[in-house]
$ cat input-v8.txt   # compact mmCIF, C-alpha atoms
# COMPACT_ATOMS: atom_id res chain seq x y z
CA ASP J 1 116.64 69.71 111.15
CA ALA J 2 114.79 72.68 109.72
CA GLU J 3 115.06 75.83 111.77
CA ILE J 4 114.75 79.60 111.89
CA THR J 5 117.71 81.73 112.88
CA GLN J 6 118.19 85.42 113.64
CA SER J 7 121.31 87.55 113.67
CA PRO J 8 122.74 89.32 115.44
CA ARG J 9 121.36 88.15 118.79
CA HIS J 10 122.31 91.43 120.43
CA LYS J 11 122.90 94.83 118.83
CA ILE J 12 123.69 98.27 120.22
CA THR J 13 123.45 101.20 117.84
CA GLU J 14 123.12 104.97 117.89
CA THR J 15 120.16 107.15 117.05
CA GLY J 16 119.94 107.88 113.32
CA ARG J 17 121.94 104.89 112.11
CA GLN J 18 120.53 102.34 109.68
CA VAL J 19 120.28 98.85 111.14
CA THR J 20 119.40 95.56 109.46
CA LEU J 21 118.31 92.46 111.37
CA ALA J 22 118.56 89.13 109.58
CA CYS J 23 116.08 86.24 109.60
CA HIS J 24 116.70 82.93 107.84
CA GLN J 25 114.45 79.85 107.77
CA THR J 26 115.08 76.44 106.28
CA TRP J 27 111.50 75.12 106.35
CA ASN J 28 110.75 76.53 102.88
CA HIS J 29 107.74 78.34 104.38
CA ASN J 30 105.97 80.91 102.21
CA ASN J 31 104.94 83.17 105.10
CA MET J 32 107.40 85.16 107.20
CA PHE J 33 106.71 87.70 109.94
CA TRP J 34 108.52 90.26 112.06
CA TYR J 35 107.32 91.16 115.56
CA ARG J 36 108.55 93.37 118.34
CA GLN J 37 108.03 92.53 122.00
CA ASP J 38 107.92 95.21 124.68
CA LEU J 39 106.87 95.11 128.33
CA GLY J 40 103.18 95.85 128.62
CA HIS J 41 102.48 95.35 124.91
CA GLY J 42 103.07 91.73 124.09
CA LEU J 43 104.04 90.75 120.55
CA ARG J 44 103.13 93.29 117.86
CA LEU J 45 103.35 92.68 114.13
CA ILE J 46 105.72 94.95 112.19
CA HIS J 47 105.80 93.54 108.64
CA TYR J 48 104.95 90.28 106.95
CA SER J 49 105.45 88.53 103.63
CA TYR J 50 103.44 85.79 101.92
CA GLY J 51 106.10 84.97 99.34
CA VAL J 52 109.00 86.22 97.25
CA HIS J 53 108.66 89.91 96.36
CA ASP J 54 105.54 90.24 98.58
CA THR J 55 105.65 92.55 101.63
CA ASN J 56 102.90 94.02 103.82
CA LYS J 57 102.67 96.47 106.70
CA GLY J 58 101.63 95.32 110.13
CA GLU J 59 100.34 97.15 113.18
CA VAL J 60 103.58 99.02 113.98
CA SER J 61 105.39 99.44 110.64
CA ASP J 62 106.47 103.11 110.81
CA GLY J 63 110.26 103.40 110.63
CA TYR J 64 110.76 99.81 109.42
CA SER J 65 111.04 98.16 106.02
CA VAL J 66 111.47 94.62 104.67
CA SER J 67 112.27 93.01 101.36
CA ARG J 68 111.85 89.39 100.23
CA SER J 69 114.19 88.33 97.44
CA ASN J 70 114.08 84.59 98.19
CA THR J 71 112.01 82.13 100.22
CA GLU J 72 114.49 81.69 103.07
CA ASP J 73 115.23 85.28 104.14
CA LEU J 74 113.29 88.33 105.36
CA PRO J 75 115.66 91.06 106.59
CA LEU J 76 114.20 93.88 108.68
CA THR J 77 115.70 97.36 108.20
CA LEU J 78 115.41 100.31 110.54
CA GLU J 79 116.05 103.23 108.22
CA SER J 80 117.04 105.71 110.94
CA ALA J 81 117.07 104.10 114.37
CA ALA J 82 115.19 105.85 117.18
CA SER J 83 115.26 105.20 120.93
CA SER J 84 111.60 104.12 120.70
CA GLN J 85 112.78 101.17 118.60
CA THR J 86 114.74 99.68 121.47
CA SER J 87 113.04 96.31 121.81
CA VAL J 88 113.33 92.58 121.31
CA TYR J 89 112.60 91.54 117.73
CA PHE J 90 111.28 88.13 116.73
CA CYS J 91 111.03 86.60 113.30
CA ALA J 92 108.54 83.81 112.57
CA SER J 93 107.55 81.66 109.62
CA SER J 94 104.58 79.50 108.69
CA GLU J 95 103.11 77.55 105.83
CA SER J 96 99.87 79.27 104.85
CA THR J 97 97.60 79.61 107.92
CA ASP J 98 99.42 76.94 109.88
CA THR J 99 101.38 77.37 113.07
CA GLN J 100 103.98 80.13 113.21
CA TYR J 101 107.44 79.05 114.40
CA PHE J 102 109.60 81.67 116.03
CA GLY J 103 113.29 82.45 115.98
CA PRO J 104 115.39 83.10 119.11
CA GLY J 105 115.08 86.90 118.90
CA THR J 106 117.36 89.92 118.55
CA ARG J 107 117.73 92.36 121.41
CA LEU J 108 118.25 95.84 119.94
CA THR J 109 119.31 98.85 121.99
CA VAL J 110 119.28 102.31 120.39
CA LEU J 111 121.30 104.89 122.34
CA GLU O 112 88.41 95.26 116.77
CA ASP O 113 89.99 91.86 117.39
CA GLN O 114 91.36 91.56 120.91
CA VAL O 115 92.98 89.01 123.20
CA THR O 116 93.11 89.40 127.00
CA GLN O 117 95.04 87.04 129.24
CA SER O 118 94.62 86.68 132.99
CA PRO O 119 96.13 86.73 135.45
CA GLU O 120 99.21 88.72 134.42
CA ALA O 121 101.29 86.68 136.86
CA LEU O 122 100.65 83.49 138.79
CA ARG O 123 102.72 81.92 141.55
CA LEU O 124 102.13 78.28 142.39
CA GLN O 125 103.68 75.73 144.66
CA GLU O 126 104.93 72.58 143.01
CA GLY O 127 101.96 70.23 142.62
CA GLU O 128 99.35 73.00 142.98
CA SER O 129 97.10 72.79 139.90
CA SER O 130 95.60 75.91 138.34
CA SER O 131 94.34 77.47 135.10
CA LEU O 132 95.31 80.38 132.88
CA ASN O 133 92.63 82.27 130.99
CA CYS O 134 92.59 83.72 127.48
CA SER O 135 89.50 85.74 126.52
CA TYR O 136 89.12 86.80 122.92
CA THR O 137 86.99 88.96 120.68
CA VAL O 138 87.38 88.13 117.02
CA SER O 139 85.20 88.52 113.93
CA GLY O 140 85.56 84.86 112.96
CA LEU O 141 87.92 82.49 114.72
CA ARG O 142 90.14 80.43 112.46
CA GLY O 143 92.34 79.15 115.29
CA LEU O 144 93.58 79.83 118.81
CA PHE O 145 97.23 79.19 119.61
CA TRP O 146 99.10 78.69 122.87
CA TYR O 147 102.83 79.31 123.12
CA ARG O 148 105.35 79.01 125.93
CA GLN O 149 108.17 81.55 126.20
CA ASP O 150 111.22 81.14 128.41
CA PRO O 151 113.33 84.19 129.35
CA GLY O 152 115.61 85.27 126.52
CA LYS O 153 114.05 82.87 124.01
CA GLY O 154 111.45 82.91 121.27
CA PRO O 155 107.91 81.61 121.76
CA GLU O 156 107.62 77.84 121.53
CA PHE O 157 104.44 76.37 120.04
CA LEU O 158 102.23 74.29 122.35
CA PHE O 159 98.70 73.87 120.95
CA THR O 160 96.24 74.96 118.28
CA LEU O 161 92.49 74.80 118.93
CA TYR O 162 89.98 75.34 116.12
CA SER O 163 86.45 74.92 117.47
CA ALA O 164 84.49 75.26 120.71
CA GLY O 165 84.64 72.11 122.77
CA GLU O 166 88.01 71.05 121.45
CA GLU O 167 90.66 69.96 123.96
CA LYS O 168 94.36 69.12 123.59
CA GLU O 169 96.86 67.75 126.08
CA LYS O 170 100.60 67.62 126.41
CA GLU O 171 102.20 66.26 129.56
CA ARG O 172 100.85 68.40 132.45
CA LEU O 173 99.14 70.91 130.15
CA LYS O 174 95.59 70.78 128.81
CA ALA O 175 94.07 73.46 126.60
CA THR O 176 90.32 73.92 126.15
CA LEU O 177 88.26 76.26 123.97
CA THR O 178 84.82 77.85 124.22
CA LYS O 179 83.23 80.47 121.97
CA LYS O 180 84.64 83.30 124.09
CA GLU O 181 87.71 81.99 125.89
CA SER O 182 90.37 79.36 126.22
CA PHE O 183 91.88 77.86 129.33
CA LEU O 184 95.30 76.37 129.82
CA HIS O 185 95.05 73.94 132.71
CA ILE O 186 98.26 72.98 134.48
CA THR O 187 98.05 69.82 136.55
CA ALA O 188 100.58 69.20 139.33
CA PRO O 189 103.07 71.73 137.93
CA LYS O 190 106.81 71.40 138.35
CA PRO O 191 109.41 74.19 138.57
CA GLU O 192 110.36 73.54 134.94
CA ASP O 193 106.86 74.68 133.92
CA SER O 194 107.82 78.21 134.96
CA ALA O 195 107.57 80.44 131.86
CA THR O 196 105.38 83.04 130.23
CA TYR O 197 102.40 81.53 128.40
CA LEU O 198 101.11 83.40 125.38
CA CYS O 199 97.73 83.10 123.72
CA ALA O 200 97.06 84.23 120.14
CA VAL O 201 94.10 84.16 117.76
CA GLN O 202 93.87 83.97 114.01
CA ASN O 203 90.73 85.17 112.27
CA TYR O 204 89.11 84.47 108.92
CA GLY O 205 88.58 88.13 108.18
CA GLY O 206 92.20 89.18 108.62
CA SER O 207 95.23 88.52 106.49
CA GLN O 208 96.30 84.96 105.84
CA GLY O 209 98.13 83.50 108.83
CA ASN O 210 98.39 86.67 110.92
CA LEU O 211 98.17 86.29 114.70
CA ILE O 212 96.89 88.66 117.38
CA PHE O 213 98.64 88.06 120.70
CA GLY O 214 97.68 88.65 124.30
CA LYS O 215 100.20 90.08 126.74
CA GLY O 216 100.86 86.74 128.38
CA THR O 217 100.70 85.16 131.84
CA LYS O 218 103.96 84.76 133.72
CA LEU O 219 103.87 81.51 135.67
CA SER O 220 106.28 80.79 138.53
CA VAL O 221 106.30 77.37 140.16
CA LYS O 222 108.19 77.11 143.43
CA PRO O 223 109.59 73.79 144.74
$ encode --input "input-v8.txt" --output "structure tokens"
Amino acid sequence: DAEITQSPRHKITETGRQVTLACHQTWNHNNMFWYRQDLGHGLRLIHYSYGVHDTNKGEVSDGYSVSRSNTEDLPLTLESAASSQTSVYFCASSESTDTQYFGPGTRLTVL
Amino acid sequence: EDQVTQSPEALRLQEGESSSLNCSYTVSGLRGLFWYRQDPGKGPEFLFTLYSAGEEKEKERLKATLTKKESFLHITAPKPEDSATYLCAVQNYGGSQGNLIFGKGTKLSVKP
């Protein structure tokens, strides 16, 4: 069955370190998205991609970057981790404007 | 500015006690309204998409309805396994292709 996976599921890092969160989907969807979820804020869009080599900034993109070298993967990089980036991160994918399907999430703690 | 507001923030029901969750939205042009269910420690799970006022969709004990300003998720005779956070999101024509704007969710607890 097609699916979307994220790794690692849990990560603890220190302030200032570079961190990369992986997202892999096997639906062959063109669109991929990264969100963060925090208490009191709901899901907020960080970055998104509509296809290979396409990337766009979302609502809360400062301090994050993505790159899309193939259809299946959209890694999210925190260039220099900050305590404010402690959150749960979700990856999602969709075909065009259709339903977005979410991964299981990565819980990131920045100490 | 596009906005989604869900109410109540939390809802406690007894098993079998029917109720409704509300999702009010302000959007420049609605392409679609989505309902998701999220269990603790997991990603959102898709439930329904509604596209036009008057549309209704059902799945087991859940029924979603849509008007021009809000959507309701009706839960009939809920069971403890319906306990979860329910998320509402809208997609507009004016925004970027496929992007969703989420509400903060309603946390539903169903006691046996």
$ closest_residue --input "input-v8.txt" --among "O:Gly216, O:Ala121, O:Glu112, O:Ala200" --to "J:Asp38" --atoms "all atoms listed in the file"
O:Gly216
$ closest_atom_pairs --input "input-v8.txt" --of "chain O" --to "chain J" --cutoff "9 Å" --atoms "all atoms listed in the file" --output "tab-separated table"
residue	atom	partner	partner_atom	distance
O:Arg142	CA	J:Thr97	CA	8.8
O:Phe145	CA	J:Thr99	CA	8.0
O:Gly152	CA	J:Pro104	CA	7.7
O:Lys153	CA	J:Pro104	CA	5.1
O:Gly154	CA	J:Pro104	CA	4.5
O:Pro155	CA	J:Phe102	CA	6.0
O:Glu156	CA	J:Phe102	CA	7.0
O:Phe157	CA	J:Tyr101	CA	6.9
O:Thr160	CA	J:Thr99	CA	7.7
O:Leu198	CA	J:Gly42	CA	8.7
O:Gln202	CA	J:Thr97	CA	8.4
O:Gln208	CA	J:Thr97	CA	5.9
O:Gly209	CA	J:Thr97	CA	4.0
O:Asn210	CA	J:Thr97	CA	7.7
O:Leu211	CA	J:Leu45	CA	8.2
O:Ile212	CA	J:Arg44	CA	7.8
O:Phe213	CA	J:Leu43	CA	6.0
O:Gly214	CA	J:Gly42	CA	6.2
O:Lys215	CA	J:Gly42	CA	4.2
O:Gly216	CA	J:Gly42	CA	6.9
$ atom_distance --input "input-v8.txt" --atom1 "atom CA of J:Lys57" --atom2 "atom CA of J:Asn70"
18.5 Å
$ residues_around --input "input-v8.txt" --residues "J:Val110" --least-positions-apart "6" --cutoff "10 Å" --atoms "all atoms listed in the file" --output "PyMOL selection string"
chain J and resi 11-17+19+81-87
$ closest_residue --input "input-v8.txt" --among "O:Val201, O:Ile186, O:Ala175, O:Leu219" --to "O:Glu128" --atoms "all atoms listed in the file"
O:Ile186
$ residues_near_point --input "input-v8.txt" --point "(91.2, 78.0, 135.0)" --cutoff "10 Å" --atoms "only C-alpha atoms" --output "JSON, numbers by chain"
{"O": [118, 129, 130, 131, 132, 133, 134, 175, 176, 182, 183, 184, 185, 186]}
$ closest_residue --input "input-v8.txt" --among "O:Lys179, O:Lys168, O:Lys218, O:Lys190" --to "O:Asp150" --atoms "all atoms listed in the file"
O:Lys218
$ atom_distance --input "input-v8.txt" --atom1 "atom CA of O:Gly143" --atom2 "atom CA of O:Glu192"
27.2 Å
$ residues_around --input "input-v8.txt" --residues "J:Ile46" --least-positions-apart "6" --cutoff "6 Å" --atoms "only C-alpha atoms" --output "list in words"
Trp34, Tyr35, Gly58, Glu59, Val60 and Ser61 of chain J
$ closest_residue --input "input-v8.txt" --among "J:Gln25, J:Ala2, J:Ser67, J:His10" --to "J:His47" --atoms "all atoms listed in the file"
J:Ser67
$ closest_residue --input "input-v8.txt" --among "O:Gly165, O:Gly127, O:Gly140, O:Pro119" --to "O:Leu177" --atoms "only C-alpha atoms"
O:Gly165
$ build_atoms --input "input-v8.txt" --residues "stretch 62-82 of chain J" --atoms "N, CA and C atoms" --output "PDB file, in the coordinates of the input"
ATOM      1  N   ASP J  62     105.774 101.831 111.035  1.00  0.00           N
ATOM      2  CA  ASP J  62     106.470 103.110 110.810  1.00  0.00           C
ATOM      3  C   ASP J  62     107.938 103.011 111.235  1.00  0.00           C
ATOM      4  N   GLY J  63     108.842 103.404 110.324  1.00  0.00           N
ATOM      5  CA  GLY J  63     110.260 103.400 110.630  1.00  0.00           C
ATOM      6  C   GLY J  63     110.963 102.099 110.294  1.00  0.00           C
ATOM      7  N   TYR J  64     110.210 101.122 109.783  1.00  0.00           N
ATOM      8  CA  TYR J  64     110.760  99.810 109.420  1.00  0.00           C
ATOM      9  C   TYR J  64     110.451  99.478 107.960  1.00  0.00           C
ATOM     10  N   SER J  65     111.314  98.666 107.357  1.00  0.00           N
ATOM     11  CA  SER J  65     111.040  98.160 106.020  1.00  0.00           C
ATOM     12  C   SER J  65     111.568  96.737 105.904  1.00  0.00           C
ATOM     13  N   VAL J  66     110.996  95.973 104.968  1.00  0.00           N
ATOM     14  CA  VAL J  66     111.470  94.620 104.670  1.00  0.00           C
ATOM     15  C   VAL J  66     111.495  94.422 103.166  1.00  0.00           C
ATOM     16  N   SER J  67     112.261  93.437 102.754  1.00  0.00           N
ATOM     17  CA  SER J  67     112.270  93.010 101.360  1.00  0.00           C
ATOM     18  C   SER J  67     112.421  91.504 101.321  1.00  0.00           C
ATOM     19  N   ARG J  68     111.819  90.868 100.320  1.00  0.00           N
ATOM     20  CA  ARG J  68     111.850  89.390 100.230  1.00  0.00           C
ATOM     21  C   ARG J  68     112.325  89.016  98.816  1.00  0.00           C
ATOM     22  N   SER J  69     113.605  88.671  98.737  1.00  0.00           N
ATOM     23  CA  SER J  69     114.190  88.330  97.440  1.00  0.00           C
ATOM     24  C   SER J  69     114.281  86.817  97.228  1.00  0.00           C
ATOM     25  N   ASN J  70     114.104  86.048  98.303  1.00  0.00           N
ATOM     26  CA  ASN J  70     114.080  84.590  98.190  1.00  0.00           C
ATOM     27  C   ASN J  70     113.151  84.037  99.272  1.00  0.00           C
ATOM     28  N   THR J  71     112.929  82.732  99.265  1.00  0.00           N
ATOM     29  CA  THR J  71     112.010  82.130 100.220  1.00  0.00           C
ATOM     30  C   THR J  71     112.562  82.116 101.628  1.00  0.00           C
ATOM     31  N   GLU J  72     113.882  81.956 101.765  1.00  0.00           N
ATOM     32  CA  GLU J  72     114.490  81.690 103.070  1.00  0.00           C
ATOM     33  C   GLU J  72     114.688  82.918 103.951  1.00  0.00           C
ATOM     34  N   ASP J  73     114.787  84.122 103.369  1.00  0.00           N
ATOM     35  CA  ASP J  73     115.230  85.280 104.140  1.00  0.00           C
ATOM     36  C   ASP J  73     114.237  86.441 104.117  1.00  0.00           C
ATOM     37  N   LEU J  74     114.084  87.106 105.270  1.00  0.00           N
ATOM     38  CA  LEU J  74     113.290  88.330 105.360  1.00  0.00           C
ATOM     39  C   LEU J  74     114.026  89.304 106.274  1.00  0.00           C
ATOM     40  N   PRO J  75     114.950  90.097 105.745  1.00  0.00           N
ATOM     41  CA  PRO J  75     115.660  91.060 106.590  1.00  0.00           C
ATOM     42  C   PRO J  75     114.777  92.240 106.955  1.00  0.00           C
ATOM     43  N   LEU J  76     114.936  92.723 108.190  1.00  0.00           N
ATOM     44  CA  LEU J  76     114.200  93.880 108.680  1.00  0.00           C
ATOM     45  C   LEU J  76     115.170  95.051 108.798  1.00  0.00           C
ATOM     46  N   THR J  77     114.831  96.179 108.171  1.00  0.00           N
ATOM     47  CA  THR J  77     115.700  97.360 108.200  1.00  0.00           C
ATOM     48  C   THR J  77     115.041  98.491 108.955  1.00  0.00           C
ATOM     49  N   LEU J  78     115.801  99.076 109.876  1.00  0.00           N
ATOM     50  CA  LEU J  78     115.410 100.310 110.540  1.00  0.00           C
ATOM     51  C   LEU J  78     116.147 101.417 109.804  1.00  0.00           C
ATOM     52  N   GLU J  79     115.428 102.249 109.104  1.00  0.00           N
ATOM     53  CA  GLU J  79     116.050 103.230 108.220  1.00  0.00           C
ATOM     54  C   GLU J  79     116.874 104.257 108.980  1.00  0.00           C
ATOM     55  N   SER J  80     116.354 104.730 110.094  1.00  0.00           N
ATOM     56  CA  SER J  80     117.040 105.710 110.940  1.00  0.00           C
ATOM     57  C   SER J  80     116.625 105.400 112.373  1.00  0.00           C
ATOM     58  N   ALA J  81     117.447 104.645 113.068  1.00  0.00           N
ATOM     59  CA  ALA J  81     117.070 104.100 114.370  1.00  0.00           C
ATOM     60  C   ALA J  81     116.705 105.199 115.375  1.00  0.00           C
ATOM     61  N   ALA J  82     115.652 104.931 116.146  1.00  0.00           N
ATOM     62  CA  ALA J  82     115.190 105.850 117.180  1.00  0.00           C
ATOM     63  C   ALA J  82     115.145 105.096 118.514  1.00  0.00           C
TER      64      ALA J  82
END
